[in-house]
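One file, start-v2.cif, is given below (mmCIF, C-alpha atoms).
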data_target
#
loop_
_atom_site.label_atom_id
_atom_site.label_comp_id
_atom_site.auth_asym_id
_atom_site.auth_seq_id
_atom_site.Cartn_x
_atom_site.Cartn_y
_atom_site.Cartn_z
CA MET A 1 10.08 -31.61 -14.53
CA ALA A 2 13.21 -33.57 -15.35
CA ASP A 3 13.01 -36.81 -17.33
CA THR A 4 13.36 -40.23 -15.65
CA THR A 5 17.16 -40.26 -15.88
CA CYS A 6 17.46 -36.81 -14.37
CA ARG A 7 14.97 -37.73 -11.64
CA GLU A 8 17.13 -40.70 -10.68
CA GLU A 9 20.13 -38.38 -10.45
CA LEU A 10 18.17 -36.02 -8.23
CA GLN A 11 17.09 -38.89 -6.01
CA SER A 12 20.71 -40.03 -5.64
CA ILE A 13 21.60 -36.57 -4.32
CA ILE A 14 18.88 -36.80 -1.66
CA SER A 15 20.51 -39.51 0.44
CA ILE A 16 19.61 -40.89 3.87
CA ASP A 17 22.54 -39.04 5.43
CA ARG A 18 21.53 -35.76 3.84
CA VAL A 19 17.88 -36.08 4.86
CA SER A 20 18.94 -37.03 8.40
CA THR A 21 20.97 -33.84 8.60
CA TRP A 22 18.05 -31.75 7.37
CA LEU A 23 15.66 -33.22 9.91
CA GLU A 24 18.16 -32.95 12.78
CA LYS A 25 18.53 -29.24 12.10
CA HIS A 26 14.77 -28.85 11.98
CA PHE A 27 13.93 -30.84 15.11
CA ARG A 28 17.14 -29.80 16.92
CA ARG A 29 17.84 -33.34 18.07
CA SER A 30 19.35 -36.56 16.77
CA VAL A 31 17.30 -38.17 14.01
CA SER A 32 18.00 -41.55 12.45
CA VAL A 33 16.42 -42.05 9.05
CA ILE A 34 16.16 -45.74 8.13
CA LYS A 35 14.28 -45.59 4.85
CA LEU A 36 13.56 -43.23 1.99
CA LYS A 37 10.80 -43.88 -0.49
CA TYR A 38 10.78 -41.67 -3.55
CA GLU A 39 7.37 -40.79 -4.91
CA ASP A 40 6.07 -39.28 -8.11
CA PRO A 41 6.19 -35.50 -7.86
CA PRO A 42 2.90 -33.65 -7.50
CA VAL A 43 0.92 -33.42 -10.72
CA GLU A 44 0.91 -29.62 -10.69
CA THR A 45 4.74 -29.56 -10.89
CA ALA A 46 4.96 -31.72 -14.02
CA ASP A 47 5.86 -28.79 -16.31
CA TYR A 48 7.34 -26.56 -13.64
CA VAL A 49 10.36 -24.54 -14.79
CA LEU A 50 11.40 -22.74 -11.60
CA SER A 51 12.46 -25.86 -9.68
CA ASP A 52 13.19 -29.53 -10.03
CA ILE A 53 10.91 -31.30 -7.56
CA VAL A 54 11.53 -34.53 -5.66
CA ALA A 55 8.88 -36.03 -3.37
CA VAL A 56 10.18 -38.37 -0.69
CA ASN A 57 8.61 -40.34 2.14
CA VAL A 58 10.98 -40.61 5.14
CA THR A 59 10.79 -43.32 7.82
CA VAL A 60 12.42 -42.38 11.12
CA GLU A 61 13.87 -45.08 13.40
CA ASN A 62 12.20 -46.07 16.72
CA GLU A 63 9.38 -43.57 16.53
CA GLY A 64 7.69 -45.32 13.62
CA ALA A 65 7.11 -41.84 12.31
CA GLU A 66 6.92 -40.85 8.69
CA VAL A 67 7.78 -37.45 7.32
CA ASN A 68 6.62 -36.55 3.83
CA LEU A 69 8.78 -34.01 2.06
CA ILE A 70 8.91 -31.98 -1.10
CA VAL A 71 12.48 -31.07 -2.05
CA LYS A 72 12.86 -28.11 -4.41
CA LEU A 73 16.18 -27.85 -6.24
CA LEU A 74 17.47 -25.64 -9.02
CA PRO A 75 16.29 -26.77 -12.46
CA ASN A 76 18.61 -29.12 -14.28
CA ASP A 77 17.79 -27.52 -17.62
CA PRO A 78 20.53 -24.89 -18.28
CA PHE A 79 18.17 -22.20 -19.62
CA SER A 80 15.70 -22.58 -16.76
CA ARG A 81 18.56 -22.67 -14.26
CA TYR A 82 19.96 -19.40 -15.57
CA PHE A 83 16.50 -17.82 -15.61
CA VAL A 84 15.89 -18.79 -11.97
CA THR A 85 19.29 -17.78 -10.59
CA GLU A 86 19.45 -14.52 -12.56
CA ALA A 87 16.07 -13.41 -11.18
CA GLN A 88 16.82 -15.00 -7.76
CA PHE A 89 13.50 -16.84 -7.65
CA ASP A 90 15.03 -19.58 -5.51
CA LEU A 91 16.63 -17.13 -3.06
CA ARG A 92 13.41 -15.16 -2.74
CA GLU A 93 11.36 -18.19 -1.69
CA ILE A 94 14.04 -19.39 0.74
CA LYS A 95 14.17 -15.94 2.32
CA PHE A 96 10.38 -15.90 2.58
CA TYR A 97 10.46 -19.03 4.73
CA ASN A 98 13.62 -18.06 6.66
CA GLU A 99 12.93 -14.38 7.36
CA VAL A 100 9.40 -13.24 6.54
CA VAL A 101 7.55 -16.20 8.06
CA PRO A 102 9.44 -16.11 11.41
CA ASP A 103 8.83 -12.36 11.63
CA LEU A 104 5.10 -12.78 11.02
CA LEU A 105 4.91 -15.54 13.63
CA GLN A 106 6.83 -13.46 16.16
CA PHE A 107 4.59 -10.47 15.48
CA GLN A 108 1.54 -12.62 16.21
CA LYS A 109 3.11 -13.71 19.48
CA GLU A 110 3.77 -10.11 20.50
CA ASN A 111 0.11 -9.30 19.90
CA ASN A 112 -1.31 -12.40 21.59
CA SER A 113 -2.94 -13.40 18.35
CA VAL A 114 -3.09 -16.68 16.44
CA ILE A 115 -3.50 -16.42 12.68
CA ASP A 116 -2.47 -19.61 10.94
CA LEU A 117 -0.24 -18.98 7.96
CA PRO A 118 -1.63 -20.84 4.91
CA ILE A 119 1.69 -22.34 3.86
CA PRO A 120 3.45 -25.70 4.07
CA GLN A 121 5.86 -26.30 6.94
CA CYS A 122 9.49 -25.64 6.05
CA PHE A 123 11.95 -28.29 7.26
CA TYR A 124 15.21 -27.03 5.82
CA SER A 125 16.77 -24.63 3.34
CA GLU A 126 20.18 -23.60 2.15
CA TYR A 127 21.52 -21.18 -0.43
CA ASN A 128 25.08 -21.16 -1.77
CA VAL A 129 26.44 -22.96 1.29
CA GLU A 130 30.20 -23.37 1.01
CA GLY A 131 31.18 -26.98 0.37
CA SER A 132 27.69 -28.10 -0.59
CA GLU A 133 27.03 -29.56 -4.04
CA LEU A 134 23.53 -28.09 -3.86
CA GLU A 135 23.45 -24.45 -4.89
CA SER A 136 20.04 -24.04 -3.30
CA VAL A 137 17.54 -26.37 -1.68
CA LEU A 138 14.18 -25.87 -0.01
CA VAL A 139 12.57 -28.74 1.90
CA LEU A 140 8.86 -28.41 2.57
CA GLU A 141 6.03 -30.53 3.87
CA ASN A 142 4.29 -32.60 1.20
CA LEU A 143 0.72 -31.49 1.79
CA LYS A 144 -0.74 -34.22 -0.40
CA HIS A 145 -0.32 -36.61 2.53
CA ARG A 146 -2.66 -34.39 4.54
CA GLY A 147 -5.31 -34.64 1.87
CA PHE A 148 -4.60 -31.40 0.04
CA ARG A 149 -4.98 -31.42 -3.71
CA SER A 150 -4.60 -29.12 -6.67
CA ILE A 151 -7.43 -27.81 -8.81
CA SER A 152 -7.50 -28.16 -12.59
CA PHE A 153 -6.77 -24.86 -14.31
CA ALA A 154 -9.11 -25.88 -17.14
CA THR A 155 -11.98 -26.31 -14.67
CA GLY A 156 -11.14 -23.27 -12.56
CA LEU A 157 -12.09 -22.59 -8.98
CA THR A 158 -15.54 -22.94 -7.49
CA LEU A 159 -17.00 -19.93 -5.73
CA MET A 160 -16.28 -21.52 -2.36
CA GLN A 161 -12.66 -22.27 -3.29
CA CYS A 162 -12.15 -18.67 -4.41
CA GLN A 163 -13.59 -17.42 -1.12
CA VAL A 164 -11.32 -19.72 0.87
CA ALA A 165 -8.27 -18.66 -1.16
CA LEU A 166 -9.02 -14.96 -0.61
CA GLU A 167 -9.44 -15.52 3.11
CA ALA A 168 -6.08 -17.33 3.15
CA ILE A 169 -4.15 -14.56 1.40
CA SER A 170 -5.86 -11.94 3.58
CA ARG A 171 -4.01 -13.41 6.57
CA VAL A 172 -0.59 -12.75 5.04
CA HIS A 173 -1.73 -9.33 3.83
CA ALA A 174 -3.09 -8.33 7.25
CA LEU A 175 -0.07 -9.57 9.20
CA SER A 176 2.43 -7.77 6.98
CA LEU A 177 0.32 -4.59 6.87
CA VAL A 178 -0.14 -4.28 10.63
CA MET A 179 3.48 -5.25 11.32
CA LYS A 180 4.57 -2.50 8.93
CA TYR A 181 2.58 0.18 10.74
CA LYS A 182 3.11 -0.96 14.31
CA HIS A 183 6.87 -1.35 13.86
CA ASN A 184 7.17 1.64 11.51
CA LEU A 185 8.87 -0.52 8.88
CA ASN A 186 9.90 0.08 5.32
CA LEU A 187 9.25 -3.46 4.09
CA ASP A 188 11.37 -3.00 0.96
CA GLU A 189 14.35 -2.09 3.13
CA LYS A 190 13.72 -4.72 5.78
CA TYR A 191 13.45 -7.43 3.13
CA PRO A 192 15.82 -6.39 0.33
CA PHE A 193 15.27 -9.70 -1.45
CA LEU A 194 11.65 -8.86 -2.32
CA PHE A 195 10.94 -8.73 -6.05
CA LYS A 196 11.77 -5.09 -6.74
CA THR A 197 9.56 -3.13 -9.09
CA PRO A 198 12.27 -2.37 -11.71
CA LYS A 199 13.47 -5.98 -11.91
CA ALA A 200 9.95 -7.40 -11.76
CA THR A 201 8.87 -4.98 -14.47
CA ASP A 202 11.66 -6.13 -16.78
CA SER A 203 10.84 -9.80 -16.15
CA TYR A 204 7.11 -9.37 -16.74
CA GLN A 205 7.71 -7.15 -19.78
CA GLN A 206 9.75 -9.91 -21.40
CA LEU A 207 6.97 -12.40 -20.74
CA VAL A 208 4.33 -10.07 -22.18
CA GLU A 209 6.43 -9.45 -25.30
CA ARG A 210 6.61 -13.21 -25.77
CA GLY A 211 2.92 -13.78 -25.09
CA LEU A 212 1.33 -10.95 -27.09
CA PRO A 213 2.17 -12.37 -30.54
CA GLN A 214 0.73 -15.74 -29.48
CA LEU A 215 -2.42 -14.06 -28.24
CA ALA A 216 -2.72 -11.93 -31.40
CA ALA A 217 -2.42 -15.01 -33.61
CA PHE A 218 -5.12 -16.71 -31.57
CA LEU A 219 -7.49 -13.73 -31.72
CA GLU A 220 -7.10 -13.29 -35.48
CA ASP A 221 -9.08 -16.49 -35.97
CA LYS A 222 -11.93 -15.26 -33.75
CA PRO A 223 -14.80 -13.24 -35.24
CA ASP A 224 -15.75 -9.78 -33.97
CA LEU A 225 -12.63 -9.28 -31.83
CA GLU A 226 -10.88 -6.72 -34.03
CA ASN A 227 -11.37 -3.91 -31.51
CA ILE A 228 -9.84 -6.01 -28.73
CA LEU A 229 -6.86 -6.88 -30.91
CA SER A 230 -6.38 -3.21 -31.78
CA SER A 231 -6.54 -2.24 -28.09
CA LEU A 232 -3.93 -4.86 -27.24
CA GLN A 233 -1.57 -3.53 -29.91
CA GLU A 234 -2.03 -0.02 -28.48
CA LEU A 235 -1.46 -1.35 -24.95
CA ARG A 236 1.77 -2.97 -26.09
CA ARG A 237 3.40 0.44 -26.51
CA ARG A 238 2.82 1.35 -22.87
CA THR A 239 3.15 -2.08 -21.29
CA LYS A 240 6.37 -1.46 -19.39
CA ASP A 241 5.22 1.81 -17.82
CA THR A 242 1.86 0.24 -16.96
CA ILE A 243 3.43 -2.76 -15.24
CA ALA A 244 5.83 -0.56 -13.28
CA GLU A 245 3.05 1.76 -12.12
CA LEU A 246 0.74 -1.07 -11.00
CA LEU A 247 3.45 -3.11 -9.28
CA ARG A 248 4.59 -0.12 -7.25
CA PRO A 249 3.22 -0.25 -3.68
CA GLN A 250 0.65 2.40 -2.90
CA ASP A 251 0.07 3.46 0.66
CA PRO A 252 -1.78 3.10 2.86
CA LEU A 253 -2.32 -0.50 1.68
CA GLY A 254 1.20 -1.38 0.55
CA LEU A 255 1.99 -4.82 1.94
CA ILE A 256 3.56 -8.18 1.18
CA THR A 257 1.96 -9.83 -1.83
CA HIS A 258 2.36 -13.26 -3.37
CA THR A 259 2.27 -11.76 -6.89
CA ASP A 260 1.70 -15.13 -8.60
CA PHE A 261 -1.62 -15.84 -6.94
CA TRP A 262 -3.53 -18.20 -9.22
CA CYS A 263 -5.04 -21.65 -8.89
CA ASN A 264 -1.90 -23.60 -9.86
CA ASN A 265 -0.20 -22.24 -6.75
CA LEU A 266 -3.01 -23.30 -4.43
CA LEU A 267 -3.90 -26.56 -2.71
CA PHE A 268 -7.26 -27.33 -1.08
CA ASN A 269 -8.28 -29.96 1.45
CA GLU A 270 -10.92 -32.54 0.56
CA ASP A 271 -13.96 -30.39 1.30
CA SER A 272 -12.28 -27.15 0.13
CA THR A 273 -12.59 -25.49 3.53
CA GLN A 274 -8.82 -24.89 3.76
CA CYS A 275 -6.36 -23.46 1.25
CA MET A 276 -2.58 -23.61 1.26
CA ILE A 277 -0.53 -21.20 -0.83
CA LEU A 278 2.61 -22.47 -2.55
CA ASP A 279 5.49 -21.04 -4.58
CA TRP A 280 6.48 -17.71 -3.05
CA GLN A 281 9.28 -17.00 -5.54
CA MET A 282 7.72 -13.71 -6.65
CA ILE A 283 6.92 -12.28 -3.22
CA SER A 284 6.80 -8.48 -3.46
CA TYR A 285 5.99 -5.31 -1.60
CA SER A 286 3.01 -4.22 -3.62
CA ARG A 287 -0.78 -3.70 -3.66
CA ALA A 288 -3.19 -6.16 -2.09
CA THR A 289 -5.55 -5.89 -5.04
CA ASN A 290 -2.88 -7.26 -7.40
CA ASP A 291 -3.26 -10.68 -5.77
CA ILE A 292 -7.06 -10.50 -5.80
CA ALA A 293 -7.30 -9.41 -9.44
CA LEU A 294 -4.91 -12.09 -10.70
CA LEU A 295 -6.85 -14.83 -8.95
CA LEU A 296 -10.22 -13.72 -10.30
CA VAL A 297 -9.02 -13.01 -13.84
CA SER A 298 -6.95 -16.18 -14.24
CA SER A 299 -8.71 -18.84 -12.22
CA LEU A 300 -12.42 -18.15 -11.90
CA PRO A 301 -14.90 -19.35 -14.56
CA SER A 302 -16.45 -16.47 -16.45
CA GLU A 303 -19.96 -16.79 -15.07
CA LEU A 304 -18.71 -16.80 -11.48
CA ARG A 305 -16.36 -13.87 -12.07
CA ARG A 306 -19.10 -11.81 -13.72
CA GLU A 307 -21.71 -12.53 -11.09
CA HIS A 308 -19.67 -12.56 -7.89
CA THR A 309 -16.70 -10.16 -8.21
CA GLN A 310 -18.17 -7.53 -5.89
CA ALA A 311 -19.23 -10.17 -3.34
CA LEU A 312 -15.74 -11.65 -3.44
CA LEU A 313 -14.21 -8.22 -2.83
CA ASN A 314 -16.57 -7.86 0.12
CA HIS A 315 -15.47 -11.28 1.36
CA TYR A 316 -11.79 -10.38 1.15
CA TRP A 317 -12.38 -6.99 2.79
CA GLN A 318 -14.27 -8.60 5.66
CA TYR A 319 -11.35 -10.88 6.50
CA LEU A 320 -8.60 -8.31 5.89
CA THR A 321 -10.24 -5.85 8.28
CA HIS A 322 -11.08 -8.62 10.78
CA TYR A 323 -7.52 -9.94 10.98
CA SER A 324 -6.05 -6.43 11.04
CA ALA A 325 -8.39 -5.42 13.88
CA SER A 326 -7.42 -8.56 15.83
CA LEU A 327 -3.83 -7.29 15.63
CA GLY A 328 -4.80 -3.82 16.81
CA LEU A 329 -5.23 -1.86 13.57
CA SER A 330 -8.50 -0.47 12.24
CA ILE A 331 -7.85 0.07 8.54
CA GLU A 332 -10.79 2.42 8.09
CA GLU A 333 -10.14 4.52 11.19
CA LYS A 334 -6.33 4.63 11.26
CA LEU A 335 -5.49 4.39 7.56
CA LYS A 336 -8.56 6.19 6.20
CA TYR A 337 -8.99 3.44 3.63
CA ASP A 338 -12.36 1.84 2.97
CA ARG A 339 -14.13 -0.74 0.83
CA ASN A 340 -14.82 1.80 -1.90
CA GLN A 341 -11.10 2.52 -2.27
CA LEU A 342 -10.43 -1.21 -2.45
CA GLY A 343 -12.79 -1.34 -5.41
CA VAL A 344 -10.98 1.53 -7.12
CA ASP A 345 -7.61 -0.16 -6.63
CA PHE A 346 -9.02 -3.49 -7.82
CA ARG A 347 -10.10 -1.95 -11.11
CA LYS A 348 -6.55 -0.65 -11.62
CA SER A 349 -5.09 -4.07 -10.78
CA LEU A 350 -7.24 -5.77 -13.42
CA LEU A 351 -4.97 -4.46 -16.16
CA LEU A 352 -1.86 -5.82 -14.45
CA ALA A 353 -3.62 -9.17 -13.97
CA LEU A 354 -4.44 -9.29 -17.67
CA LEU A 355 -0.84 -8.48 -18.63
CA LEU A 356 0.47 -11.23 -16.36
CA CYS A 357 -1.99 -13.66 -17.96
CA ILE A 358 -0.82 -12.58 -21.42
CA GLY A 359 2.73 -13.34 -20.33
CA SER A 360 1.66 -16.92 -19.64
CA VAL A 361 -0.95 -17.17 -22.39
CA ASP A 362 0.35 -20.53 -23.58
CA VAL A 363 -1.16 -22.04 -20.42
CA ALA A 364 -4.64 -21.06 -21.62
CA LEU A 365 -4.26 -21.92 -25.29
CA GLY A 366 -5.12 -25.42 -26.44
CA SER A 367 -8.08 -26.04 -24.15
CA PRO A 368 -11.57 -24.91 -25.26
CA ASP A 369 -12.56 -24.07 -21.68
CA THR A 370 -9.56 -21.90 -20.89
CA GLU A 371 -9.54 -20.31 -24.33
CA GLN A 372 -13.14 -19.22 -23.88
CA ARG A 373 -12.35 -17.95 -20.38
CA LEU A 374 -9.54 -15.86 -21.89
CA VAL A 375 -11.81 -14.43 -24.58
CA ASP A 376 -14.44 -13.61 -21.95
CA VAL A 377 -11.90 -11.76 -19.80
CA LEU A 378 -10.64 -9.78 -22.78
CA GLN A 379 -14.16 -8.87 -23.85
CA ASP A 380 -15.21 -7.85 -20.35
CA LEU A 381 -12.13 -5.72 -19.72
CA TYR A 382 -12.52 -4.11 -23.12
CA ASP A 383 -16.17 -3.31 -22.40
CA GLN A 384 -15.23 -1.88 -18.99
CA GLY A 385 -12.58 0.38 -20.49
CA VAL A 386 -9.75 -1.38 -18.68
CA LEU A 387 -7.80 -2.14 -21.87
CA SER A 388 -7.84 1.49 -22.90
CA GLY A 389 -7.21 2.80 -19.40
CA THR A 390 -10.52 4.68 -19.33
CA SER A 391 -12.29 2.64 -16.61
CA GLU A 392 -14.00 4.80 -14.03
#

Let's see the structure in the file written out as structure tokens.
Amino acid sequence: MADTTCREELQSIISIDRVSTWLEKHFRRSVSVIKLKYEDPPVETADYVLSDIVAVNVTVENEGAEVNLIVKLLPNDPFSRYFVTEAQFDLREIKFYNEVVPDLLQFQKENNSVIDLPIPQCFYSEYNVEGSELESVLVLENLKHRGFRSISFATGLTLMQCQVALEAISRVHALSLVMKYKHNLNLDEKYPFLFKTPKATDSYQQLVERGLPQLAAFLEDKPDLENILSSLQELRRRTKDTIAELLRPQDPLGLITHTDFWCNNLLFNEDSTQCMILDWQMISYSRATNDIALLLVSSLPSELRREHTQALLNHYWQYLTHYSASLGLSIEEKLKYDRNQLGVDFRKSLLLALLLCIGSVDVALGSPDTEQRLVDVLQDLYDQGVLSGTSE
């Protein structure tokens, strides 16, 4: 996040007049904002590089109403700004809220179904609007004021939180899957802004190339991990092809994925019975199991992952098939895809999940808990043959 001086500059951009305009367009009526109160940004955005974040409490005249907003702007840092705009992370998330979400809501309406989308409400967005000093802006509900909170990456998710998160993503998966088949859609063509496999592969490859030397240096100090280190060096030679293959959607279960589905992009209510999913900059047309594998590999403590992976796959499958059936599609009958095939695809996605974690390995290094979780994942995937590509 920007320093104090930069934050003050950002706050000066978000004026009463500007916020009034945003809310008028959202509510489609006249809105008079009488007070703005800037708040500290959410803790989980403190080191965020894809956006500069401003949290603001808005008081609206007469109604006594308050609206709590998160405003996402392009990063002020030149390198981060170039990285975001070159890969179109900001555009992708804006398009998710402006195009994908309305389509999913309309599809529900057509099918007389109500499946709540586990996302914050979007109040306003713009991208390269002529005459605007803001190249891109996304204005979302600040869920902290509804009691939602982030979970420490060092602690990881509880079993219940993982179950709730999988149920939440299954809604988006089911809606996009059934909409694809019922409307006979090519989702990549309908949504050309989705993170395309070639571009995503290049981006992730660069991250892995940066992360592998850090991981190798870390492992060299650990006893009895020579075989894992050797496997990682062998994997390095085929990383790009592996990422491309595993990102590519595979029918019949090709659908819209979050693709950055880990605990830092999730918020939970006080009793962890609800989960909201944030940061859709990497939304893709890909495999459902890529989201599941990344969550379990990155965010679940080792003992829970080892003991409950199959039960968690069952849990996800139960909700995916339930929501799909409520929309008129039996996955097993119509698509000839069953729980066993989900397990096969999940095992393939584990390698992609590991590579994505390697690309962000600096997040895990420096904390004994997350370092041990990383070592456990590497050991388990090595033992299962995932690192060598020989898993059954």

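With distances taken over all atoms listed in the file, A:Gly156 is the one residue among A:Ser326, A:Ser203, A:Ser231, A:Gly156 lying closest to A:Val297.
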
Skip A:Glu61 itself and residues of its chain fewer than 5 positions away, then list as a ChimeraX atom specification all residues within 7 Å of it, counting all atoms listed in the file.
/A:32-34

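Using all atoms listed in the file, the set of residues no farther than 9 Å from the position (5.1, -6.8, -24.9) comprises Tyr204, Gln205, Gln206, Leu207, Val208, Glu209, Arg210, Gly211, Leu212, Pro213, Gln233, Leu235, Arg236, Arg237, Arg238, Thr239, Lys240, Leu355, Ile358 and Gly359 of chain A.
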
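Of the residues under consideration (A:Gln11, A:Gln88, A:Thr370, A:Thr201), A:Gln88 shows the shortest atom-to-atom contact distance to A:Glu135 when counting all atoms listed in the file.
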
Any chance you could resolve the PyMOL selection byres ((chain A and resi 164) around 12) against this file and give the residues as a PyMOL selection string?
chain A and resi 118+157-163+165-171+263+266-269+271-277+295+312+315-316+319

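Distance check against A:Ser349 using all atoms listed in the file: of A:Leu313, A:Met282, A:Leu246, A:Val363, the minimum falls on A:Leu246.
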
The PyMOL selection byres ((chain A and resi 327) around 8) - which residues does that actually catch in the file I just gave you? List them as a PyMOL selection string.
chain A and resi 108+111+113+175+178+323-326+328-329

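If all atoms listed in the file are the atoms counted, then among A:Gln214, A:Thr197, A:Ser367, A:Thr59 the closest residue to A:Thr259 is A:Thr197.
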
Skipping near chain neighbours, those fewer than 3 positions away, what residues fall within 10 Å of A:Tyr127 using all atoms listed in the file, listed as a ChimeraX atom specification?
/A:90-91,94-95,130,132,134-138

Every residue with an atom at most 9 Å from (-4.6, -19.5, -30.4) (file coordinates; only C-alpha atoms) is what I'm after, so could you write them as a ChimeraX atom specification?
/A:214-221,362,364-366,371

Hey, what's within 10 Å of A:Leu177 if we count all atoms listed in the file and toss same-chain stuff fewer than 6 positions away? As a ChimeraX atom specification, please?
/A:171,185,187,252-256,288,320,324,329,331

Residue by residue, what does the PyMOL selection byres ((chain A and resi 196) around 12) grab here? Present the result as a PyMOL selection string.
chain A and resi 87-89+92+187-189+191-195+197-204+244+247-249+256-257+259+282-286

Can you pull out the residues contacting stretch 12-21 of chain A? Cut-off 9 Å, using only C-alpha atoms, and skip same-chain residues under 2 positions away; I want them as a PyMOL selection string.
chain A and resi 7-10+23-26+30-36+54+56+58+60+71+133-134

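Shortest atom-to-atom contact with A:Tyr382 among A:Cys357, A:Leu335, A:Ile228, A:Leu294: A:Ile228, counting only C-alpha atoms.
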
For A:Gln121, work out the shell of residues within 10 Å, counting all atoms listed in the file and skipping chain neighbours fewer than 4 positions away, then give it as an mmCIF file with C-alpha atoms, in the coordinates of the input.
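The resulting file, selection-v9.cif, is shown below:
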data_model
loop_
_atom_site.group_PDB
_atom_site.id
_atom_site.type_symbol
_atom_site.label_atom_id
_atom_site.label_comp_id
_atom_site.auth_asym_id
_atom_site.auth_seq_id
_atom_site.Cartn_x
_atom_site.Cartn_y
_atom_site.Cartn_z
ATOM 1 C CA LEU A 69 8.780 -34.010 2.060
ATOM 2 C CA TYR A 97 10.460 -19.030 4.730
ATOM 3 C CA LEU A 117 -0.240 -18.980 7.960
ATOM 4 C CA VAL A 139 12.570 -28.740 1.900
ATOM 5 C CA LEU A 140 8.860 -28.410 2.570
ATOM 6 C CA GLU A 141 6.030 -30.530 3.870
ATOM 7 C CA ASN A 142 4.290 -32.600 1.200
ATOM 8 C CA LEU A 143 0.720 -31.490 1.790
#
